[in-house]
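**Q** Handing you this structure, nothing more for now.
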Amino acid sequence: MTSIDEWSFARLRSVKDVARDIRLFEIAPDEGAISYEPGSHIDVSVIVGGDQDKRSYSLVGEPTAEVLSIAVKRLPNSRGGSEYMWSLKRGARLTVSRPKNHFELSVGNGEYLLVAGGIGITPIYGMALSLQRRRSKFRVIYAAQSLPDMAFADDLREALGNRLELYPEDSRGRVDFATQIRGLATDAEIYVCGPVGMLEAVKRCWRDEGRPQEKLRFETFGSTGHYPSEEFVVSIPHLGREFLVPRNRSLLETLEAQGIEMISNCRRGECGVCVVNVLGADSEIDHRDVFFSDAQKADKRKMCTCVSRAVGGRLAIETADR
């Protein structure tokens, strides 16, 4: 069920710091201009721990004639992809996929609220420019720890004016999503990209206001959770297998590397295809998905292997027979 990627060679045309720990990469594909829609992302081939891997990055802004722009936040507790990207210099050769879109912006549907948390501004930026060009009714809420953490804030201010609301937590506090949602038109749509905690808060408020689920669109970045990534031991009793899951590799990737057949699709904690049964854990499970409800996460009986992980210790799971 995993989609087949179309890969091509490219050159890193420029590198620029755009916020604290956020760097903009302009990538020029060898094949020339590539079209895409707001909300699209590309996969980039990276080297992590000596092994080839891939990471997904949202495309920033609207399409240009020459480059694909991505912004990468350097995360000390990440799985290693950001460290690799930050090691690249101008002129480096890259292998990238063609743009794909799992976070499509529907147009012509009345009012929009776009919500970004931290590096989640990357897909929201292009959506805002697209809606601005179409003269749609919309607002953008952009939250981060502080102003220095807000990439593209000045550019967005210039482009959007009072349609943009900045929420640096250290000076303005957290966004009151219940109030923001309550003030929307009945047919409004909301698009959210940010850390798991933000997504959970928006989903709760949206549900509590009785808003239709199909009007809530979101994208996640599963490398962030409630706890820093730690290595842990996973055991599969019915297979008689036990092995270590490294800090910089997901449970799903580790299972696949051990020759255990798995089915997956989104690999972002959204579709639930890679779910396994949890038989026991001697530590917390850091649910980084947006597939399960709060009650299901608290129940600790299932987990999405593509993004969720144990907070150290030992985890026992049951995989399906393939």
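Note on naming: chains are A, B, ... as they come in the structure tokens, residues start from 1 per chain, ligands start from 1 in the order shown.
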What lies within 12 Å of A:Gln52 using only C-alpha atoms, ignoring chain neighbours under 5 positions off, as a list in words?

**A** Val44, Ser45, Val46, Ile47, Gly80, Gly81, Tyr84, Thr95 and Arg249 of chain A

**Q** Determine, counting only C-alpha atoms, which protein, DNA and RNA residues have an atom within 8 Å of an atom of A:Val307; residues of the same chain fewer than 5 positions away are not included. Present the result as a tab-separated table (two decimals) with C-alpha atoms, in the first residue's frame.

**A**
```
chain	number	residue	atom	x	y	z
A	222	GLY	CA	5.55	12.97	13.65
A	223	SER	CA	9.10	13.59	14.88
A	250	SER	CA	10.95	4.78	14.13
A	251	LEU	CA	9.42	1.56	15.40
A	252	LEU	CA	8.05	0.87	11.92
A	267	ARG	CA	4.03	7.21	7.71
A	268	ARG	CA	2.90	10.40	9.46
A	269	GLY	CA	0.50	9.04	12.08
A	287	HIS	CA	1.44	8.75	21.03
A	288	ARG	CA	2.54	11.12	18.27
A	289	ASP	CA	-0.30	10.26	15.89
```

**Q** Between A:Leu147, A:Ile27, A:Met127, A:Leu166, which one has atoms that come closest to A:Val96, using only C-alpha atoms?

**A**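 The answer is A:Ile27, which sits nearest to A:Val96.
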
**Q** Write out, as JSON lines, each residue of stretch 208-322 of chain A that has an atom at most 8 Å from stretch 2-22 of chain A, together with the closest pair of atoms and their distance in Å to one decimal, counting only C-alpha atoms, rows going by chain and rising number.

**A**
```
{"residue": "A:Ile263", "atom": "CA", "partner": "A:Thr2", "partner_atom": "CA", "distance": 7.7}
{"residue": "A:Ser264", "atom": "CA", "partner": "A:Thr2", "partner_atom": "CA", "distance": 6.0}
{"residue": "A:Asn265", "atom": "CA", "partner": "A:Thr2", "partner_atom": "CA", "distance": 4.8}
{"residue": "A:Cys266", "atom": "CA", "partner": "A:Thr2", "partner_atom": "CA", "distance": 7.7}
```

**Q** With distances taken over only C-alpha atoms, which of A:Phe232, A:Tyr112, A:Phe177, A:Phe243 is nearest to A:Val311?

**A** A:Phe232

**Q** Using only C-alpha atoms, find the one residue out of A:Thr122, A:Ser82, A:Ser40, A:Gln145 that sits nearest to A:Pro99.

**A** A:Ser40

**Q** Restricting the calculation to only C-alpha atoms: of A:Val278, A:Leu160, A:Ile317, A:Ile119, which residue gets closest to A:Lys300?

**A**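 When distances to A:Lys300 are compared using only C-alpha atoms, the smallest one comes from A:Val278.
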
**Q** In stretch 20-188 of chain A, what's strand (DSSP E or B) per DSSP? Answer as a PyMOL selection string?

**A** chain A and resi 22-29+41-48+51-59+68-73+93-97+100+111-117+137-144+164-168

**Q** So that I can see what lies close to A:Lys137, please list as an MDAnalysis selection string the residues with an atom at most 8 Å from it, counting only C-alpha atoms and leaving out residues fewer than 2 positions away in the same chain.

**A** chainID A and resid 110:112 131 135 139

**Q** Could you pull the residues within 7 Å of stretch 192-208 of chain A, counting only C-alpha atoms, minus those fewer than 3 positions along the same chain, as a list in words?

**A**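 Listed by chain and then number, they are Leu114, Val115, Ala116, Gly117, Gly118, Gly120, Phe177, Ala178, Ile181, Arg211, Arg217, Phe218, Glu219, Thr220, Phe221, Thr224, Gly225 and Arg288 of chain A.
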
**Q** DSSP says helix (DSSP H, G or I) for which residues of stretch 126-260 of chain A? Put them as a VMD selection string?

**A** chain A and resid 126 to 133 147 to 149 153 to 163 169 to 172 177 to 182 196 to 208 213 to 215 237 to 239 251 to 257

**Q** Would you compute the distance between atom CA of A:Ala281 and atom CA of A:Leu244? Give it in Å to one decimal.

**A**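 Straight-line distance from atom CA of A:Ala281 to atom CA of A:Leu244 works out to 14.2 Å.
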
**Q** Which one is closest to A:Leu216: A:Glu165, A:Glu231, A:Ala128, A:Ala188? Count only C-alpha atoms.

**A**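 Answer, going by the shortest atom-to-atom distance: A:Ala188.
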
**Q** Return the single residue from A:Leu113, A:Ile285, A:Val233, A:Met150 that is closest to A:Gln180, with distances computed using only C-alpha atoms.

**A**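 Ranked by minimum distance to A:Gln180, first place goes to A:Leu113.
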
**Q** Just the number, please: distance in Å from atom CA of A:Ile121 to atom CA of A:Asp176, one decimal.

**A**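 These atoms are spaced 18.3 Å apart.
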
**Q** Report the distance between atom CA of A:Tyr142 and atom CA of A:Tyr57 in Å, rounded to one decimal place.

**A**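 Interatomic distance, atom CA of A:Tyr142 to atom CA of A:Tyr57: 18.5 Å.
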